[in-house]
Amino acid sequence: YALLPLTVILAVAAVTVNAVRSRGDVQARLALAEERGAAEEARASLLQERARIARELHDVVAHHMSVITVQADSAPYRVADVSPGAAEEFGAIAAEARRSLAEMRRLLHVLRNEESPDGENTPQPGPQDLPALVETTRRAGVDARLELAGQVEDLPAAVGLSAYRLVQEALSNVVRHAPGARADVRVRQAADALHVSVVNSPPAQPRRAVEPVEPRAGGHGLVGMRERVAMLDGEFTAEALAEGGFRVTAVLPLPPAPAPTPTPTPTPTTSGTP
């Protein structure tokens, strides 16, 4: 009987140690599961953004390939004195363009948004749509201001679309993470590149859960923005400011302007008999 209390104490101690060890194992497994879940979510977000970029790239390329097809088909009728060999070459160009379009559409068909079957015919946004985006941001509580400089309405489709998406994503981040802040949006066309900048001040209100300024159709923050700029061989930076705000900048290269077509010199004519 003298050993009974000691036996009970040892048994309770063993059970306690086992329970503590089990709890530690459970917590470790939960932490590992959360880490894996976060990694999978980040990977899924990246893949979703890449798929959206692929769909938009399809829209841009499809437009230009369609133009090539029409021009090649109509060239023998628009250009005078086309030789049979040149007409055959134009026909081959048009046929190859049509085959390329069909192949691209087959490869990217799975990336189409099933909820928007008419998406292929929907015009893609560009810098000309930024005023409406900025106004929507103002209604969400951000003092957003826009400055456009240069012929931003005449940009290549891929560059204009990327500029719009970058501003859209940056403003959406301001709405979510810096409520009540001021956001200055600048889009400036230079000779060889389009410069995009979105700078916001520190939040004027406590951070709160809010909806994006508009449906983002798959945008996923800085990762997607960096991917989009890399697709165009551009430069992208995102950095926190010392005073508490945030700055996103991008430089999107522009193709060189086409050289002017020289005006043919008219051949002098002579009159009279030799």
# chains A, B, ... in the order shown; residues from 1 in each chain; ligands from 1
>>> select_by_dssp(residues="segment 37-187 of chain A", states="helix (DSSP H, G or I)", output="tab-separated table (two decimals) with C-alpha atoms, in the first residue's frame")
chain	number	residue	atom	x	y	z
A	37	GLY	CA	-1.85	24.72	-48.31
A	38	ALA	CA	-0.39	28.21	-48.67
A	39	ALA	CA	2.16	26.95	-51.20
A	40	GLU	CA	-0.53	25.19	-53.23
A	41	GLU	CA	-2.72	28.29	-53.15
A	42	ALA	CA	0.16	30.45	-54.40
A	43	ARG	CA	0.90	27.96	-57.17
A	44	ALA	CA	-2.77	27.81	-58.19
A	45	SER	CA	-2.92	31.61	-58.26
A	46	LEU	CA	0.15	31.79	-60.46
A	47	LEU	CA	-1.20	29.17	-62.87
A	48	GLN	CA	-4.54	30.95	-63.04
A	49	GLU	CA	-2.85	34.26	-63.85
A	50	ARG	CA	-0.70	32.61	-66.52
A	51	ALA	CA	-3.83	31.11	-68.06
A	52	ARG	CA	-5.47	34.53	-68.18
A	53	ILE	CA	-2.39	36.03	-69.83
A	54	ALA	CA	-2.47	33.19	-72.37
A	55	ARG	CA	-6.11	33.94	-73.18
A	56	GLU	CA	-5.38	37.62	-73.63
A	57	LEU	CA	-2.31	36.86	-75.74
A	58	HIS	CA	-4.53	34.68	-77.90
A	59	ASP	CA	-6.90	37.61	-78.42
A	60	VAL	CA	-4.08	39.92	-79.47
A	61	VAL	CA	-2.37	37.43	-81.79
A	62	ALA	CA	-5.68	36.29	-83.29
A	63	HIS	CA	-6.54	39.86	-84.21
A	64	HIS	CA	-3.24	40.46	-86.02
A	65	MET	CA	-3.30	37.08	-87.75
A	66	SER	CA	-6.81	37.80	-88.99
A	67	VAL	CA	-5.63	41.11	-90.42
A	68	ILE	CA	-2.74	39.35	-92.18
A	69	THR	CA	-5.17	36.84	-93.67
A	70	VAL	CA	-7.50	39.53	-95.01
A	71	GLN	CA	-4.65	41.60	-96.43
A	72	ALA	CA	-3.05	38.61	-98.11
A	73	ASP	CA	-6.38	37.48	-99.59
A	74	SER	CA	-7.23	40.92	-100.93
A	75	ALA	CA	-3.74	41.96	-102.11
A	76	PRO	CA	-4.17	40.62	-105.69
A	77	TYR	CA	-7.32	42.74	-106.01
A	78	ARG	CA	-5.93	45.89	-104.34
A	84	PRO	CA	0.71	35.05	-111.06
A	85	GLY	CA	3.66	34.03	-108.89
A	86	ALA	CA	3.05	36.89	-106.46
A	87	ALA	CA	-0.67	36.11	-106.33
A	88	GLU	CA	0.17	32.49	-105.51
A	89	GLU	CA	2.53	33.65	-102.75
A	90	PHE	CA	-0.18	35.87	-101.26
A	91	GLY	CA	-2.54	32.91	-101.28
A	92	ALA	CA	0.02	30.75	-99.48
A	93	ILE	CA	0.50	33.44	-96.83
A	94	ALA	CA	-3.25	33.67	-96.24
A	95	ALA	CA	-3.60	29.89	-96.03
A	96	GLU	CA	-0.71	29.58	-93.55
A	97	ALA	CA	-2.16	32.37	-91.42
A	98	ARG	CA	-5.53	30.59	-91.31
A	99	ARG	CA	-3.85	27.30	-90.34
A	100	SER	CA	-1.91	29.05	-87.59
A	101	LEU	CA	-5.08	30.64	-86.26
A	102	ALA	CA	-6.90	27.32	-86.21
A	103	GLU	CA	-4.01	25.57	-84.44
A	104	MET	CA	-3.67	28.32	-81.83
A	105	ARG	CA	-7.38	28.25	-81.11
A	106	ARG	CA	-7.31	24.48	-80.65
A	107	LEU	CA	-4.38	24.73	-78.24
A	108	LEU	CA	-5.88	27.55	-76.18
A	109	HIS	CA	-9.53	26.54	-76.32
A	110	VAL	CA	-9.28	24.91	-72.89
A	111	LEU	CA	-8.20	28.24	-71.42
A	119	GLY	CA	-15.18	36.30	-74.62
A	120	GLU	CA	-13.27	35.90	-77.88
A	121	ASN	CA	-15.31	38.70	-79.43
A	127	PRO	CA	-5.43	52.97	-71.47
A	128	GLN	CA	-8.48	54.66	-72.96
A	129	ASP	CA	-10.54	52.81	-70.32
A	130	LEU	CA	-8.46	54.00	-67.37
A	131	PRO	CA	-10.62	57.08	-66.59
A	132	ALA	CA	-13.60	54.80	-65.90
A	133	LEU	CA	-11.42	52.51	-63.76
A	134	VAL	CA	-10.12	55.46	-61.73
A	135	GLU	CA	-13.65	56.76	-61.21
A	136	THR	CA	-14.71	53.34	-59.93
A	137	THR	CA	-11.77	53.43	-57.51
A	138	ARG	CA	-12.87	56.82	-56.20
A	139	ARG	CA	-16.29	55.41	-55.41
A	152	VAL	CA	-1.74	56.22	-75.42
A	153	GLU	CA	-4.76	55.32	-77.55
A	154	ASP	CA	-2.52	54.18	-80.44
A	157	ALA	CA	-2.80	45.85	-78.24
A	158	ALA	CA	-0.57	43.76	-75.94
A	159	VAL	CA	1.07	46.84	-74.41
A	160	GLY	CA	-2.20	48.71	-73.92
A	161	LEU	CA	-3.88	45.71	-72.33
A	162	SER	CA	-0.94	45.09	-69.98
A	163	ALA	CA	-0.89	48.74	-68.91
A	164	TYR	CA	-4.58	48.58	-68.05
A	165	ARG	CA	-4.21	45.34	-66.08
A	166	LEU	CA	-1.25	46.68	-64.13
A	167	VAL	CA	-3.14	49.79	-63.09
A	168	GLN	CA	-6.24	47.73	-62.32
A	169	GLU	CA	-4.34	45.36	-60.05
A	170	ALA	CA	-2.41	48.14	-58.32
A	171	LEU	CA	-5.57	50.14	-57.59
A	172	SER	CA	-7.33	47.00	-56.37
A	173	ASN	CA	-4.47	46.46	-53.91
A	174	VAL	CA	-4.78	50.07	-52.70
A	175	VAL	CA	-8.51	49.62	-52.08
A	176	ARG	CA	-7.90	46.44	-50.07
A	177	HIS	CA	-4.75	47.37	-48.18
>>> residues_around(residues="segment 227-238 of chain A", least_positions_apart="5", cutoff="7 Å", atoms="only C-alpha atoms", output="VMD selection string")
chain A and resid 162 247 to 253
>>> write_last_selection(atoms="N, CA, C and O atoms", output="compact mmCIF listing (two decimals), in the first residue's frame")
# COMPACT_ATOMS: atom_id res chain seq x y z
N SER A 162 -1.77 45.30 -71.17
CA SER A 162 -0.94 45.09 -69.98
C SER A 162 -0.93 46.32 -69.10
O SER A 162 -0.97 46.21 -67.87
N ARG A 247 4.68 51.88 -54.02
CA ARG A 247 4.86 52.32 -55.40
C ARG A 247 5.04 51.12 -56.31
O ARG A 247 5.80 50.21 -56.02
N VAL A 248 4.30 51.15 -57.42
CA VAL A 248 4.43 50.13 -58.47
C VAL A 248 4.77 50.85 -59.76
O VAL A 248 4.08 51.80 -60.15
N THR A 249 5.84 50.42 -60.42
CA THR A 249 6.22 51.02 -61.70
C THR A 249 6.51 49.93 -62.71
O THR A 249 6.94 48.82 -62.34
N ALA A 250 6.29 50.25 -63.97
CA ALA A 250 6.58 49.31 -65.05
C ALA A 250 7.00 50.10 -66.28
O ALA A 250 6.48 51.19 -66.54
N VAL A 251 7.92 49.53 -67.01
CA VAL A 251 8.36 50.08 -68.29
C VAL A 251 8.09 49.02 -69.35
O VAL A 251 8.69 47.93 -69.31
N LEU A 252 7.17 49.31 -70.25
CA LEU A 252 6.76 48.35 -71.27
C LEU A 252 7.34 48.80 -72.62
O LEU A 252 6.95 49.85 -73.15
N PRO A 253 8.27 48.03 -73.18
CA PRO A 253 8.90 48.45 -74.44
C PRO A 253 7.88 48.56 -75.57
O PRO A 253 6.91 47.79 -75.65
>>> select_by_dssp(residues="segment 136-211 of chain A", states="strand (DSSP E)", output="PDB file with all heavy atoms, in the first residue's frame")
ATOM      1  N   ASP A 143      -8.796  58.236 -53.061  1.00  0.00           N
ATOM      2  CA  ASP A 143      -8.646  59.473 -53.822  1.00  0.00           C
ATOM      3  C   ASP A 143      -7.686  59.214 -54.983  1.00  0.00           C
ATOM      4  O   ASP A 143      -6.498  59.533 -54.925  1.00  0.00           O
ATOM      5  CB  ASP A 143      -8.121  60.586 -52.917  1.00  0.00           C
ATOM      6  CG  ASP A 143      -7.987  61.919 -53.657  1.00  0.00           C
ATOM      7  OD1 ASP A 143      -8.559  62.039 -54.764  1.00  0.00           O
ATOM      8  OD2 ASP A 143      -7.307  62.816 -53.130  1.00  0.00           O
ATOM      9  N   ALA A 144      -8.198  58.591 -56.044  1.00  0.00           N
ATOM     10  CA  ALA A 144      -7.373  58.206 -57.190  1.00  0.00           C
ATOM     11  C   ALA A 144      -7.357  59.332 -58.219  1.00  0.00           C
ATOM     12  O   ALA A 144      -8.393  59.939 -58.511  1.00  0.00           O
ATOM     13  CB  ALA A 144      -7.907  56.921 -57.815  1.00  0.00           C
ATOM     14  N   ARG A 145      -6.178  59.576 -58.782  1.00  0.00           N
ATOM     15  CA  ARG A 145      -6.005  60.614 -59.791  1.00  0.00           C
ATOM     16  C   ARG A 145      -5.214  60.045 -60.951  1.00  0.00           C
ATOM     17  O   ARG A 145      -4.297  59.239 -60.751  1.00  0.00           O
ATOM     18  CB  ARG A 145      -5.311  61.834 -59.198  1.00  0.00           C
ATOM     19  CG  ARG A 145      -6.010  62.315 -57.916  1.00  0.00           C
ATOM     20  CD  ARG A 145      -5.447  63.591 -57.382  1.00  0.00           C
ATOM     21  NE  ARG A 145      -6.119  63.945 -56.120  1.00  0.00           N
ATOM     22  CZ  ARG A 145      -5.981  65.120 -55.511  1.00  0.00           C
ATOM     23  NH1 ARG A 145      -5.202  66.046 -56.039  1.00  0.00           N
ATOM     24  NH2 ARG A 145      -6.614  65.361 -54.384  1.00  0.00           N
ATOM     25  N   LEU A 146      -5.554  60.488 -62.156  1.00  0.00           N
ATOM     26  CA  LEU A 146      -4.988  59.900 -63.371  1.00  0.00           C
ATOM     27  C   LEU A 146      -4.323  60.971 -64.215  1.00  0.00           C
ATOM     28  O   LEU A 146      -4.876  62.060 -64.399  1.00  0.00           O
ATOM     29  CB  LEU A 146      -6.089  59.201 -64.180  1.00  0.00           C
ATOM     30  CG  LEU A 146      -5.692  58.667 -65.562  1.00  0.00           C
ATOM     31  CD1 LEU A 146      -4.664  57.551 -65.443  1.00  0.00           C
ATOM     32  CD2 LEU A 146      -6.939  58.174 -66.301  1.00  0.00           C
ATOM     33  N   GLU A 147      -3.151  60.626 -64.733  1.00  0.00           N
ATOM     34  CA  GLU A 147      -2.442  61.499 -65.668  1.00  0.00           C
ATOM     35  C   GLU A 147      -2.009  60.661 -66.865  1.00  0.00           C
ATOM     36  O   GLU A 147      -1.243  59.703 -66.730  1.00  0.00           O
ATOM     37  CB  GLU A 147      -1.215  62.120 -64.990  1.00  0.00           C
ATOM     38  CG  GLU A 147      -0.384  62.992 -65.918  1.00  0.00           C
ATOM     39  CD  GLU A 147       0.871  63.526 -65.254  1.00  0.00           C
ATOM     40  OE1 GLU A 147       0.851  63.720 -64.021  1.00  0.00           O
ATOM     41  OE2 GLU A 147       1.872  63.718 -65.962  1.00  0.00           O
ATOM     42  N   LEU A 148      -2.513  61.024 -68.040  1.00  0.00           N
ATOM     43  CA  LEU A 148      -2.150  60.343 -69.283  1.00  0.00           C
ATOM     44  C   LEU A 148      -1.343  61.302 -70.138  1.00  0.00           C
ATOM     45  O   LEU A 148      -1.730  62.463 -70.317  1.00  0.00           O
ATOM     46  CB  LEU A 148      -3.396  59.895 -70.051  1.00  0.00           C
ATOM     47  CG  LEU A 148      -4.294  58.853 -69.371  1.00  0.00           C
ATOM     48  CD1 LEU A 148      -5.532  58.602 -70.207  1.00  0.00           C
ATOM     49  CD2 LEU A 148      -3.533  57.550 -69.156  1.00  0.00           C
ATOM     50  N   ALA A 149      -0.245  60.834 -70.682  1.00  0.00           N
ATOM     51  CA  ALA A 149       0.618  61.672 -71.514  1.00  0.00           C
ATOM     52  C   ALA A 149       1.046  60.889 -72.740  1.00  0.00           C
ATOM     53  O   ALA A 149       1.485  59.745 -72.632  1.00  0.00           O
ATOM     54  CB  ALA A 149       1.842  62.139 -70.728  1.00  0.00           C
ATOM     55  N   ARG A 182      -4.511  58.165 -50.939  1.00  0.00           N
ATOM     56  CA  ARG A 182      -4.492  58.818 -52.247  1.00  0.00           C
ATOM     57  C   ARG A 182      -3.624  57.984 -53.175  1.00  0.00           C
ATOM     58  O   ARG A 182      -2.546  57.517 -52.787  1.00  0.00           O
ATOM     59  CB  ARG A 182      -3.944  60.237 -52.145  1.00  0.00           C
ATOM     60  CG  ARG A 182      -3.656  60.860 -53.524  1.00  0.00           C
ATOM     61  CD  ARG A 182      -3.284  62.309 -53.442  1.00  0.00           C
ATOM     62  NE  ARG A 182      -2.809  62.799 -54.731  1.00  0.00           N
ATOM     63  CZ  ARG A 182      -2.633  64.066 -55.026  1.00  0.00           C
ATOM     64  NH1 ARG A 182      -2.885  64.992 -54.103  1.00  0.00           N
ATOM     65  NH2 ARG A 182      -2.195  64.444 -56.205  1.00  0.00           N
ATOM     66  N   ALA A 183      -4.085  57.799 -54.408  1.00  0.00           N
ATOM     67  CA  ALA A 183      -3.341  57.026 -55.399  1.00  0.00           C
ATOM     68  C   ALA A 183      -3.155  57.871 -56.650  1.00  0.00           C
ATOM     69  O   ALA A 183      -4.139  58.371 -57.218  1.00  0.00           O
ATOM     70  CB  ALA A 183      -4.071  55.726 -55.734  1.00  0.00           C
ATOM     71  N   ASP A 184      -1.923  58.040 -57.068  1.00  0.00           N
ATOM     72  CA  ASP A 184      -1.596  58.793 -58.280  1.00  0.00           C
ATOM     73  C   ASP A 184      -1.196  57.812 -59.371  1.00  0.00           C
ATOM     74  O   ASP A 184      -0.206  57.074 -59.230  1.00  0.00           O
ATOM     75  CB  ASP A 184      -0.455  59.774 -58.009  1.00  0.00           C
ATOM     76  CG  ASP A 184      -0.882  60.898 -57.076  1.00  0.00           C
ATOM     77  OD1 ASP A 184      -1.907  61.539 -57.356  1.00  0.00           O
ATOM     78  OD2 ASP A 184      -0.196  61.118 -56.055  1.00  0.00           O
ATOM     79  N   VAL A 185      -1.960  57.821 -60.463  1.00  0.00           N
ATOM     80  CA  VAL A 185      -1.710  56.936 -61.594  1.00  0.00           C
ATOM     81  C   VAL A 185      -1.151  57.779 -62.739  1.00  0.00           C
ATOM     82  O   VAL A 185      -1.761  58.769 -63.140  1.00  0.00           O
ATOM     83  CB  VAL A 185      -2.997  56.222 -62.042  1.00  0.00           C
ATOM     84  CG1 VAL A 185      -2.714  55.320 -63.239  1.00  0.00           C
ATOM     85  CG2 VAL A 185      -3.590  55.424 -60.889  1.00  0.00           C
ATOM     86  N   ARG A 186      -0.007  57.381 -63.256  1.00  0.00           N
ATOM     87  CA  ARG A 186       0.601  58.078 -64.386  1.00  0.00           C
ATOM     88  C   ARG A 186       0.936  57.066 -65.472  1.00  0.00           C
ATOM     89  O   ARG A 186       1.614  56.066 -65.208  1.00  0.00           O
ATOM     90  CB  ARG A 186       1.869  58.823 -63.955  1.00  0.00           C
ATOM     91  CG  ARG A 186       1.614  59.978 -62.998  1.00  0.00           C
ATOM     92  CD  ARG A 186       2.907  60.727 -62.676  1.00  0.00           C
ATOM     93  NE  ARG A 186       2.651  61.879 -61.807  1.00  0.00           N
ATOM     94  CZ  ARG A 186       2.640  61.834 -60.483  1.00  0.00           C
ATOM     95  NH1 ARG A 186       2.866  60.673 -59.864  1.00  0.00           N
ATOM     96  NH2 ARG A 186       2.400  62.914 -59.763  1.00  0.00           N
ATOM     97  N   VAL A 187       0.464  57.349 -66.670  1.00  0.00           N
ATOM     98  CA  VAL A 187       0.775  56.523 -67.836  1.00  0.00           C
ATOM     99  C   VAL A 187       1.332  57.463 -68.896  1.00  0.00           C
ATOM    100  O   VAL A 187       0.632  58.360 -69.371  1.00  0.00           O
ATOM    101  CB  VAL A 187      -0.466  55.778 -68.361  1.00  0.00           C
ATOM    102  CG1 VAL A 187      -0.104  54.954 -69.593  1.00  0.00           C
ATOM    103  CG2 VAL A 187      -1.049  54.881 -67.270  1.00  0.00           C
ATOM    104  N   ARG A 188       2.605  57.253 -69.255  1.00  0.00           N
ATOM    105  CA  ARG A 188       3.274  58.182 -70.165  1.00  0.00           C
ATOM    106  C   ARG A 188       3.935  57.400 -71.291  1.00  0.00           C
ATOM    107  O   ARG A 188       4.675  56.449 -71.057  1.00  0.00           O
ATOM    108  CB  ARG A 188       4.325  59.002 -69.412  1.00  0.00           C
ATOM    109  CG  ARG A 188       5.118  59.974 -70.271  1.00  0.00           C
ATOM    110  CD  ARG A 188       6.063  60.795 -69.416  1.00  0.00           C
ATOM    111  NE  ARG A 188       7.027  59.965 -68.711  1.00  0.00           N
ATOM    112  CZ  ARG A 188       8.194  59.570 -69.237  1.00  0.00           C
ATOM    113  NH1 ARG A 188       8.505  59.920 -70.482  1.00  0.00           N
ATOM    114  NH2 ARG A 188       9.027  58.829 -68.526  1.00  0.00           N
ATOM    115  N   GLN A 189       3.677  57.839 -72.508  1.00  0.00           N
ATOM    116  CA  GLN A 189       4.293  57.202 -73.663  1.00  0.00           C
ATOM    117  C   GLN A 189       5.566  57.951 -74.041  1.00  0.00           C
ATOM    118  O   GLN A 189       5.541  59.155 -74.300  1.00  0.00           O
ATOM    119  CB  GLN A 189       3.348  57.178 -74.858  1.00  0.00           C
ATOM    120  CG  GLN A 189       3.958  56.506 -76.082  1.00  0.00           C
ATOM    121  CD  GLN A 189       3.091  56.640 -77.320  1.00  0.00           C
ATOM    122  OE1 GLN A 189       2.103  57.360 -77.295  1.00  0.00           O
ATOM    123  NE2 GLN A 189       3.455  55.961 -78.391  1.00  0.00           N
ATOM    124  N   ALA A 193       9.101  53.329 -75.120  1.00  0.00           N
ATOM    125  CA  ALA A 193       8.482  52.537 -74.052  1.00  0.00           C
ATOM    126  C   ALA A 193       7.283  53.282 -73.486  1.00  0.00           C
ATOM    127  O   ALA A 193       7.163  54.508 -73.620  1.00  0.00           O
ATOM    128  CB  ALA A 193       9.487  52.232 -72.947  1.00  0.00           C
ATOM    129  N   LEU A 194       6.424  52.517 -72.850  1.00  0.00           N
ATOM    130  CA  LEU A 194       5.297  53.082 -72.103  1.00  0.00           C
ATOM    131  C   LEU A 194       5.627  52.964 -70.616  1.00  0.00           C
ATOM    132  O   LEU A 194       5.921  51.881 -70.121  1.00  0.00           O
ATOM    133  CB  LEU A 194       4.004  52.325 -72.422  1.00  0.00           C
ATOM    134  CG  LEU A 194       2.749  52.878 -71.756  1.00  0.00           C
ATOM    135  CD1 LEU A 194       2.336  54.191 -72.396  1.00  0.00           C
ATOM    136  CD2 LEU A 194       1.605  51.873 -71.826  1.00  0.00           C
ATOM    137  N   HIS A 195       5.577  54.086 -69.909  1.00  0.00           N
ATOM    138  CA  HIS A 195       5.896  54.118 -68.483  1.00  0.00           C
ATOM    139  C   HIS A 195       4.598  54.159 -67.676  1.00  0.00           C
ATOM    140  O   HIS A 195       3.750  55.027 -67.893  1.00  0.00           O
ATOM    141  CB  HIS A 195       6.758  55.328 -68.158  1.00  0.00           C
ATOM    142  CG  HIS A 195       8.094  55.311 -68.846  1.00  0.00           C
ATOM    143  ND1 HIS A 195       9.253  54.920 -68.220  1.00  0.00           N
ATOM    144  CD2 HIS A 195       8.435  55.628 -70.121  1.00  0.00           C
ATOM    145  CE1 HIS A 195      10.263  55.001 -69.070  1.00  0.00           C
ATOM    146  NE2 HIS A 195       9.801  55.433 -70.228  1.00  0.00           N
ATOM    147  N   VAL A 196       4.465  53.213 -66.750  1.00  0.00           N
ATOM    148  CA  VAL A 196       3.268  53.106 -65.916  1.00  0.00           C
ATOM    149  C   VAL A 196       3.698  53.228 -64.457  1.00  0.00           C
ATOM    150  O   VAL A 196       4.657  52.574 -64.028  1.00  0.00           O
ATOM    151  CB  VAL A 196       2.539  51.768 -66.143  1.00  0.00           C
ATOM    152  CG1 VAL A 196       1.295  51.675 -65.263  1.00  0.00           C
ATOM    153  CG2 VAL A 196       2.167  51.606 -67.608  1.00  0.00           C
ATOM    154  N   SER A 197       2.990  54.076 -63.705  1.00  0.00           N
ATOM    155  CA  SER A 197       3.330  54.274 -62.300  1.00  0.00           C
ATOM    156  C   SER A 197       2.053  54.432 -61.487  1.00  0.00           C
ATOM    157  O   SER A 197       1.151  55.177 -61.880  1.00  0.00           O
ATOM    158  CB  SER A 197       4.214  55.520 -62.140  1.00  0.00           C
ATOM    159  OG  SER A 197       4.377  55.850 -60.773  1.00  0.00           O
ATOM    160  N   VAL A 198       1.987  53.718 -60.363  1.00  0.00           N
ATOM    161  CA  VAL A 198       0.884  53.863 -59.409  1.00  0.00           C
ATOM    162  C   VAL A 198       1.516  54.006 -58.029  1.00  0.00           C
ATOM    163  O   VAL A 198       2.171  53.083 -57.540  1.00  0.00           O
ATOM    164  CB  VAL A 198      -0.070  52.653 -59.434  1.00  0.00           C
ATOM    165  CG1 VAL A 198      -1.198  52.860 -58.428  1.00  0.00           C
ATOM    166  CG2 VAL A 198      -0.635  52.439 -60.835  1.00  0.00           C
ATOM    167  N   VAL A 199       1.327  55.172 -57.421  1.00  0.00           N
ATOM    168  CA  VAL A 199       1.916  55.470 -56.118  1.00  0.00           C
ATOM    169  C   VAL A 199       0.787  55.845 -55.165  1.00  0.00           C
ATOM    170  O   VAL A 199      -0.034  56.709 -55.486  1.00  0.00           O
ATOM    171  CB  VAL A 199       2.937  56.622 -56.200  1.00  0.00           C
ATOM    172  CG1 VAL A 199       3.562  56.880 -54.834  1.00  0.00           C
ATOM    173  CG2 VAL A 199       4.009  56.314 -57.233  1.00  0.00           C
ATOM    174  N   ASN A 200       0.745  55.194 -54.016  1.00  0.00           N
ATOM    175  CA  ASN A 200      -0.295  55.517 -53.034  1.00  0.00           C
ATOM    176  C   ASN A 200       0.325  55.955 -51.718  1.00  0.00           C
ATOM    177  O   ASN A 200       1.433  55.544 -51.350  1.00  0.00           O
ATOM    178  CB  ASN A 200      -1.235  54.334 -52.804  1.00  0.00           C
ATOM    179  CG  ASN A 200      -0.561  53.141 -52.148  1.00  0.00           C
ATOM    180  OD1 ASN A 200      -0.012  52.294 -52.832  1.00  0.00           O
ATOM    181  ND2 ASN A 200      -0.616  53.064 -50.820  1.00  0.00           N
TER     182      ASN A 200
END
>>> atom_distance(atom1="atom CA of Gly221 of chain A", atom2="atom CA of Pro255 of chain A")
27.0 Å
>>> residues_around(residues="Ser201 of chain A", least_positions_apart="6", cutoff="8 Å", atoms="only C-alpha atoms", output="number ranges by chain")
A: 178, 181-183, 243-246
>>> write_last_selection(atoms="all heavy atoms", output="compact mmCIF listing (two decimals), in the first residue's frame")
# COMPACT_ATOMS: atom_id res chain seq x y z
N ALA A 178 -4.99 49.81 -48.37
CA ALA A 178 -4.75 51.19 -47.93
C ALA A 178 -6.01 52.02 -48.08
O ALA A 178 -6.05 52.97 -48.86
CB ALA A 178 -3.60 51.80 -48.73
N ALA A 181 -6.55 56.07 -48.80
CA ALA A 181 -5.29 56.65 -49.26
C ALA A 181 -5.51 57.42 -50.56
O ALA A 181 -6.55 57.32 -51.21
CB ALA A 181 -4.25 55.55 -49.46
N ARG A 182 -4.51 58.17 -50.94
CA ARG A 182 -4.49 58.82 -52.25
C ARG A 182 -3.62 57.98 -53.17
O ARG A 182 -2.55 57.52 -52.79
CB ARG A 182 -3.94 60.24 -52.14
CG ARG A 182 -3.66 60.86 -53.52
CD ARG A 182 -3.28 62.31 -53.44
NE ARG A 182 -2.81 62.80 -54.73
CZ ARG A 182 -2.63 64.07 -55.03
NH1 ARG A 182 -2.89 64.99 -54.10
NH2 ARG A 182 -2.19 64.44 -56.21
N ALA A 183 -4.08 57.80 -54.41
CA ALA A 183 -3.34 57.03 -55.40
C ALA A 183 -3.15 57.87 -56.65
O ALA A 183 -4.14 58.37 -57.22
CB ALA A 183 -4.07 55.73 -55.73
N GLU A 243 7.69 56.66 -46.16
CA GLU A 243 6.62 57.35 -45.43
C GLU A 243 5.40 56.46 -45.22
O GLU A 243 4.41 56.91 -44.64
CB GLU A 243 6.22 58.62 -46.16
CG GLU A 243 5.75 58.41 -47.59
CD GLU A 243 6.87 58.47 -48.61
OE1 GLU A 243 8.05 58.25 -48.20
OE2 GLU A 243 6.58 58.70 -49.79
N GLY A 244 5.43 55.23 -45.71
CA GLY A 244 4.34 54.30 -45.44
C GLY A 244 3.48 53.93 -46.61
O GLY A 244 2.63 53.06 -46.50
N GLY A 245 3.69 54.56 -47.76
CA GLY A 245 2.90 54.22 -48.93
C GLY A 245 3.54 53.08 -49.72
O GLY A 245 4.39 52.33 -49.21
N PHE A 246 3.13 52.97 -50.99
CA PHE A 246 3.63 51.88 -51.84
C PHE A 246 3.71 52.40 -53.27
O PHE A 246 2.91 53.25 -53.68
CB PHE A 246 2.71 50.66 -51.77
CG PHE A 246 3.38 49.38 -52.16
CD1 PHE A 246 4.15 48.68 -51.24
CD2 PHE A 246 3.25 48.86 -53.43
CE1 PHE A 246 4.78 47.50 -51.58
CE2 PHE A 246 3.87 47.67 -53.80
CZ PHE A 246 4.64 46.98 -52.86
>>> atom_distance(atom1="atom CA of Leu32 of chain A", atom2="atom CA of Thr16 of chain A")
24.4 Å
